[in-house]
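Containing mmCIF, N, CA and C atoms: final_29.cif.
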data_entry
loop_
_atom_site.label_atom_id
_atom_site.label_comp_id
_atom_site.auth_asym_id
_atom_site.auth_seq_id
_atom_site.Cartn_x
_atom_site.Cartn_y
_atom_site.Cartn_z
N MET A 137 13.87 -56.13 -78.55
CA MET A 137 14.70 -55.32 -79.43
C MET A 137 14.41 -53.85 -79.14
N ASN A 138 15.47 -53.07 -78.99
CA ASN A 138 15.33 -51.63 -78.78
C ASN A 138 15.50 -50.92 -80.12
N ILE A 139 14.59 -50.01 -80.40
CA ILE A 139 14.54 -49.32 -81.69
C ILE A 139 14.61 -47.82 -81.46
N TYR A 140 15.37 -47.14 -82.32
CA TYR A 140 15.54 -45.69 -82.26
C TYR A 140 14.80 -45.07 -83.45
N ILE A 141 14.01 -44.04 -83.19
CA ILE A 141 13.27 -43.33 -84.23
C ILE A 141 13.65 -41.87 -84.17
N SER A 142 14.04 -41.30 -85.31
CA SER A 142 14.36 -39.87 -85.36
C SER A 142 13.57 -39.21 -86.47
N GLY A 143 13.55 -37.88 -86.43
CA GLY A 143 12.82 -37.11 -87.44
C GLY A 143 11.34 -37.00 -87.15
N LEU A 144 10.96 -37.23 -85.89
CA LEU A 144 9.55 -37.19 -85.52
C LEU A 144 9.00 -35.77 -85.47
N SER A 145 7.75 -35.64 -85.81
CA SER A 145 7.03 -34.39 -85.64
C SER A 145 6.91 -34.14 -84.13
N TYR A 146 6.94 -32.87 -83.74
CA TYR A 146 6.88 -32.53 -82.32
C TYR A 146 5.54 -32.89 -81.66
N GLY A 147 4.52 -33.16 -82.47
CA GLY A 147 3.22 -33.51 -81.92
C GLY A 147 3.03 -34.99 -81.63
N VAL A 148 3.98 -35.82 -82.04
CA VAL A 148 3.87 -37.27 -81.83
C VAL A 148 4.14 -37.60 -80.37
N ASN A 149 3.30 -38.48 -79.80
CA ASN A 149 3.49 -38.88 -78.40
C ASN A 149 3.69 -40.39 -78.28
N ASP A 150 3.88 -40.84 -77.04
CA ASP A 150 4.14 -42.27 -76.78
C ASP A 150 3.03 -43.16 -77.34
N ALA A 151 1.78 -42.77 -77.12
CA ALA A 151 0.64 -43.58 -77.58
C ALA A 151 0.61 -43.69 -79.11
N ASP A 152 0.95 -42.59 -79.80
CA ASP A 152 0.98 -42.62 -81.27
C ASP A 152 1.98 -43.66 -81.76
N LEU A 153 3.17 -43.67 -81.13
CA LEU A 153 4.20 -44.62 -81.55
C LEU A 153 3.82 -46.05 -81.20
N THR A 154 3.21 -46.24 -80.05
CA THR A 154 2.76 -47.58 -79.68
C THR A 154 1.79 -48.11 -80.73
N ASN A 155 0.85 -47.27 -81.14
CA ASN A 155 -0.12 -47.68 -82.16
C ASN A 155 0.55 -47.97 -83.50
N LEU A 156 1.51 -47.15 -83.89
CA LEU A 156 2.21 -47.33 -85.16
C LEU A 156 2.98 -48.65 -85.17
N PHE A 157 3.73 -48.92 -84.11
CA PHE A 157 4.57 -50.12 -84.08
C PHE A 157 3.78 -51.37 -83.74
N ALA A 158 2.62 -51.25 -83.12
CA ALA A 158 1.80 -52.41 -82.77
C ALA A 158 1.33 -53.16 -84.02
N GLU A 159 1.34 -52.51 -85.16
CA GLU A 159 0.99 -53.19 -86.42
C GLU A 159 1.96 -54.33 -86.72
N PHE A 160 3.15 -54.27 -86.14
CA PHE A 160 4.19 -55.25 -86.44
C PHE A 160 4.41 -56.26 -85.33
N GLY A 161 3.85 -56.01 -84.15
CA GLY A 161 4.02 -56.93 -83.04
C GLY A 161 3.81 -56.24 -81.70
N GLU A 162 4.14 -56.97 -80.64
CA GLU A 162 3.92 -56.46 -79.28
C GLU A 162 4.95 -55.40 -78.91
N VAL A 163 4.45 -54.23 -78.52
CA VAL A 163 5.30 -53.12 -78.08
C VAL A 163 5.39 -53.16 -76.56
N SER A 164 6.61 -53.34 -76.04
CA SER A 164 6.81 -53.36 -74.59
C SER A 164 6.79 -51.97 -74.00
N SER A 165 7.40 -51.01 -74.73
CA SER A 165 7.40 -49.62 -74.26
C SER A 165 7.67 -48.69 -75.43
N ALA A 166 7.21 -47.45 -75.28
CA ALA A 166 7.44 -46.40 -76.27
C ALA A 166 7.69 -45.12 -75.49
N LYS A 167 8.76 -44.42 -75.83
CA LYS A 167 9.11 -43.21 -75.09
C LYS A 167 9.64 -42.13 -76.02
N VAL A 168 8.84 -41.07 -76.19
CA VAL A 168 9.30 -39.89 -76.91
C VAL A 168 10.17 -39.12 -75.94
N ILE A 169 11.35 -38.71 -76.39
CA ILE A 169 12.28 -38.00 -75.52
C ILE A 169 11.91 -36.52 -75.49
N LEU A 170 11.76 -35.98 -74.28
CA LEU A 170 11.33 -34.60 -74.09
C LEU A 170 12.48 -33.73 -73.61
N ASP A 171 12.45 -32.47 -74.00
CA ASP A 171 13.41 -31.49 -73.52
C ASP A 171 13.16 -31.25 -72.04
N ARG A 172 14.21 -31.26 -71.23
CA ARG A 172 14.05 -31.10 -69.77
C ARG A 172 13.47 -29.75 -69.38
N GLU A 173 13.84 -28.72 -70.11
CA GLU A 173 13.41 -27.37 -69.73
C GLU A 173 12.03 -27.01 -70.26
N THR A 174 11.75 -27.37 -71.51
CA THR A 174 10.48 -26.94 -72.12
C THR A 174 9.39 -28.01 -72.06
N GLY A 175 9.78 -29.28 -71.91
CA GLY A 175 8.80 -30.35 -71.90
C GLY A 175 8.34 -30.73 -73.30
N ARG A 176 8.88 -30.08 -74.34
CA ARG A 176 8.52 -30.40 -75.73
C ARG A 176 9.34 -31.58 -76.23
N SER A 177 8.79 -32.27 -77.21
CA SER A 177 9.50 -33.37 -77.84
C SER A 177 10.80 -32.88 -78.45
N ARG A 178 11.82 -33.71 -78.39
CA ARG A 178 13.09 -33.39 -79.03
C ARG A 178 13.17 -34.00 -80.44
N GLY A 179 12.09 -34.66 -80.88
CA GLY A 179 12.03 -35.19 -82.24
C GLY A 179 12.57 -36.59 -82.41
N PHE A 180 12.84 -37.27 -81.29
CA PHE A 180 13.26 -38.66 -81.40
C PHE A 180 12.67 -39.48 -80.26
N ALA A 181 12.72 -40.80 -80.42
CA ALA A 181 12.08 -41.69 -79.45
C ALA A 181 12.73 -43.06 -79.47
N PHE A 182 12.37 -43.85 -78.47
CA PHE A 182 12.82 -45.23 -78.38
C PHE A 182 11.61 -46.13 -78.21
N ILE A 183 11.63 -47.26 -78.89
CA ILE A 183 10.58 -48.27 -78.81
C ILE A 183 11.25 -49.56 -78.39
N GLU A 184 10.59 -50.30 -77.52
CA GLU A 184 11.07 -51.64 -77.18
C GLU A 184 10.02 -52.64 -77.62
N MET A 185 10.45 -53.60 -78.41
CA MET A 185 9.55 -54.67 -78.86
C MET A 185 10.08 -55.99 -78.31
N SER A 186 9.16 -56.85 -77.87
CA SER A 186 9.56 -58.09 -77.20
C SER A 186 10.12 -59.13 -78.16
N ASN A 187 9.78 -59.06 -79.44
CA ASN A 187 10.22 -60.06 -80.41
C ASN A 187 11.16 -59.39 -81.42
N ASP A 188 12.39 -59.92 -81.53
CA ASP A 188 13.38 -59.32 -82.43
C ASP A 188 12.95 -59.36 -83.89
N ALA A 189 12.33 -60.44 -84.33
CA ALA A 189 11.90 -60.56 -85.73
C ALA A 189 10.84 -59.51 -86.05
N GLU A 190 9.91 -59.31 -85.12
CA GLU A 190 8.87 -58.29 -85.32
C GLU A 190 9.49 -56.90 -85.31
N GLY A 191 10.46 -56.69 -84.43
CA GLY A 191 11.14 -55.40 -84.38
C GLY A 191 11.88 -55.11 -85.67
N GLN A 192 12.55 -56.11 -86.22
CA GLN A 192 13.28 -55.93 -87.47
C GLN A 192 12.32 -55.63 -88.62
N LYS A 193 11.17 -56.30 -88.62
CA LYS A 193 10.16 -56.04 -89.66
C LYS A 193 9.67 -54.60 -89.56
N ALA A 194 9.44 -54.12 -88.34
CA ALA A 194 9.01 -52.73 -88.15
C ALA A 194 10.07 -51.77 -88.68
N ILE A 195 11.34 -52.04 -88.38
CA ILE A 195 12.43 -51.19 -88.89
C ILE A 195 12.42 -51.18 -90.41
N ASP A 196 12.36 -52.37 -91.00
CA ASP A 196 12.39 -52.49 -92.46
C ASP A 196 11.22 -51.76 -93.12
N GLU A 197 10.05 -51.84 -92.51
CA GLU A 197 8.84 -51.27 -93.11
C GLU A 197 8.69 -49.76 -92.85
N LEU A 198 9.21 -49.28 -91.71
CA LEU A 198 8.96 -47.89 -91.33
C LEU A 198 10.12 -46.93 -91.61
N ASN A 199 11.32 -47.44 -91.80
CA ASN A 199 12.45 -46.55 -92.04
C ASN A 199 12.26 -45.81 -93.36
N GLY A 200 12.33 -44.48 -93.31
CA GLY A 200 12.21 -43.67 -94.51
C GLY A 200 10.80 -43.34 -94.95
N VAL A 201 9.79 -43.74 -94.17
CA VAL A 201 8.42 -43.43 -94.55
C VAL A 201 8.00 -42.08 -93.95
N GLU A 202 6.94 -41.51 -94.52
CA GLU A 202 6.41 -40.26 -93.99
C GLU A 202 5.40 -40.59 -92.89
N TYR A 203 5.58 -39.97 -91.73
CA TYR A 203 4.67 -40.15 -90.60
C TYR A 203 4.40 -38.78 -90.01
N ASP A 204 3.16 -38.39 -89.94
CA ASP A 204 2.74 -37.09 -89.42
C ASP A 204 3.48 -35.96 -90.15
N ASN A 205 3.52 -36.06 -91.49
CA ASN A 205 4.10 -35.06 -92.38
C ASN A 205 5.61 -34.91 -92.28
N LYS A 206 6.31 -35.90 -91.70
CA LYS A 206 7.78 -35.87 -91.65
C LYS A 206 8.30 -37.26 -91.99
N VAL A 207 9.44 -37.30 -92.67
CA VAL A 207 10.08 -38.58 -92.99
C VAL A 207 10.89 -39.02 -91.77
N ILE A 208 10.59 -40.21 -91.28
CA ILE A 208 11.25 -40.70 -90.07
C ILE A 208 12.36 -41.69 -90.42
N SER A 209 13.35 -41.77 -89.55
CA SER A 209 14.41 -42.78 -89.66
C SER A 209 14.23 -43.75 -88.50
N VAL A 210 14.27 -45.02 -88.81
CA VAL A 210 14.05 -46.06 -87.81
C VAL A 210 15.21 -47.05 -87.90
N SER A 211 15.85 -47.32 -86.76
CA SER A 211 16.99 -48.23 -86.75
C SER A 211 17.10 -48.91 -85.40
N VAL A 212 17.99 -49.91 -85.33
CA VAL A 212 18.27 -50.56 -84.06
C VAL A 212 18.96 -49.53 -83.16
N ALA A 213 18.52 -49.42 -81.93
CA ALA A 213 19.12 -48.48 -80.98
C ALA A 213 20.48 -48.98 -80.57
N ARG A 214 21.47 -48.10 -80.57
CA ARG A 214 22.81 -48.45 -80.11
C ARG A 214 22.91 -48.09 -78.63
N PRO A 215 23.77 -48.80 -77.89
CA PRO A 215 23.95 -48.45 -76.48
C PRO A 215 24.46 -47.02 -76.35
N ARG A 216 24.03 -46.35 -75.31
CA ARG A 216 24.45 -44.97 -75.07
C ARG A 216 25.94 -44.93 -74.76
N GLU A 217 26.64 -44.00 -75.39
CA GLU A 217 28.07 -43.86 -75.14
C GLU A 217 28.27 -43.03 -73.88
N GLU A 218 29.26 -43.44 -73.09
CA GLU A 218 29.60 -42.68 -71.89
C GLU A 218 30.25 -41.37 -72.29
N ARG A 219 29.83 -40.28 -71.66
CA ARG A 219 30.42 -38.97 -71.94
C ARG A 219 31.38 -38.61 -70.81
N PRO A 220 32.45 -37.89 -71.14
CA PRO A 220 33.36 -37.45 -70.08
C PRO A 220 32.63 -36.56 -69.08
N SER A 221 33.05 -36.60 -67.83
CA SER A 221 32.36 -35.83 -66.80
C SER A 221 32.50 -34.33 -66.98
N ASN A 222 33.48 -33.88 -67.77
CA ASN A 222 33.65 -32.44 -67.98
C ASN A 222 32.86 -31.95 -69.19
N GLY A 223 31.93 -32.76 -69.69
CA GLY A 223 31.10 -32.36 -70.81
C GLY A 223 31.81 -32.46 -72.16
N GLY A 224 32.96 -33.10 -72.20
CA GLY A 224 33.67 -33.29 -73.45
C GLY A 224 34.41 -32.06 -73.94
N ARG A 225 34.62 -31.09 -73.08
CA ARG A 225 35.27 -29.84 -73.51
C ARG A 225 36.79 -29.89 -73.44
N GLY A 226 37.33 -30.97 -72.94
CA GLY A 226 38.78 -31.07 -72.89
C GLY A 226 39.34 -30.50 -71.60
N ARG A 227 39.83 -29.28 -71.65
CA ARG A 227 40.52 -28.71 -70.50
C ARG A 227 39.60 -28.13 -69.44
N GLY A 228 38.35 -27.94 -69.71
CA GLY A 228 37.42 -27.38 -68.72
C GLY A 228 37.39 -25.87 -68.80
N GLY A 229 36.57 -25.25 -67.95
CA GLY A 229 36.43 -23.79 -67.97
C GLY A 229 35.57 -23.36 -69.12
N TYR A 230 34.92 -22.20 -69.00
CA TYR A 230 34.03 -21.80 -70.07
C TYR A 230 34.75 -21.02 -71.16
N ASN A 231 35.94 -20.51 -70.89
CA ASN A 231 36.67 -19.75 -71.90
C ASN A 231 38.11 -20.24 -71.92
N ASN A 232 38.30 -21.44 -72.44
CA ASN A 232 39.63 -22.02 -72.39
C ASN A 232 40.54 -21.56 -73.54
N SER A 233 40.11 -20.57 -74.31
CA SER A 233 40.98 -20.02 -75.34
C SER A 233 41.75 -18.80 -74.81
N ARG A 234 41.43 -18.40 -73.62
CA ARG A 234 42.07 -17.23 -72.99
C ARG A 234 43.56 -17.48 -72.78
N ARG A 235 44.37 -16.47 -73.02
CA ARG A 235 45.83 -16.56 -72.82
C ARG A 235 46.21 -15.77 -71.58
N TYR A 236 47.15 -16.28 -70.80
CA TYR A 236 47.59 -15.60 -69.57
C TYR A 236 48.94 -15.00 -69.74
#

Output the structure of this file as structure tokens.
Amino acid sequence: MNIYISGLSYGVNDADLTNLFAEFGEVSSAKVILDRETGRSRGFAFIEMSNDAEGQKAIDELNGVEYDNKVISVSVARPREERPSNGGRGRGGYNNSRRY
């Protein structure tokens, strides 16, 4: 089961999340998402647990709790949506409100 966690403190790392979720079952992977430019946490992460029942229990128990002085949201991860190749801006160009 893939799990999405948001609202994380910027100091939380992969090992912290592995330890937190290990209370509920076997954690296959834990990944805090980092900003490409700064290398700092973006405040969200993904956890993979091998057993769906254990993953659901972790979601039920951890959603809305305070962790590292912040209230976290925990839910089933949804598949990533495909984004348009033009960045979703529609017509393209950096100033498409310009009139000719």

| said: Can you translate the PyMOL selection byres ((chain A and resi 150-157) around 8) into the concrete residues it hits in this file, as a list of chain:residue names? | reply: A:Gly147, A:Val148, A:Asn149, A:Ala158, A:Glu159, A:Phe160, A:Gly161, A:Glu162, A:Val163, A:Ser164, A:Ser165, A:Ala166, A:Lys167, A:Val168, A:Ile169, A:Ile183, A:Ala194

| message | Using only N, CA and C atoms - which residues lie no farther than 8 Å from the point (13.4, -40.0, -86.3) in the file's frame? Write them as a list in words. | response | Tyr140, Ile141, Ser142, Gly143, Leu144, Ser145, Gly179, Phe180, Ala181, Val207, Ile208, Ser209, Val210 and Ser211 of chain A

| task | Just the strand (DSSP E) stuff from chain A, please, per backbone DSSP, written as number ranges by chain. | result | A: 138-142, 163-170, 177-185, 202-203, 206-207, 209-212

| Which is closer to Ser177 in chain A than all the others in A:Tyr146, A:Met137, A:Arg214, A:Val201, using only C-alpha atoms? |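 Looking only at the distances to Ser177 in chain A, the closest residue turns out to be A:Tyr146.
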
| field | Å distance separating atom C of Thr174 in chain A from atom N of Glu217 in chain A, one decimal place | value | 23.8 Å

| message | Considering only C-alpha atoms, can you say which of A:Leu198, A:Glu218, A:Asn205, A:Ala213 comes closest to Asn138 in chain A? | response |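 Smallest distance to Asn138 in chain A is found for A:Ala213.
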
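Note that CA of Leu170 in chain A and CA of Lys206 in chain A are 18.0 Å apart.
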
| How many Å lie between CA of Gln192 in chain A and atom N of Ile139 in chain A, rounded to one decimal? |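 Answer for the CA of Gln192 in chain A to atom N of Ile139 in chain A separation: 9.3 Å.
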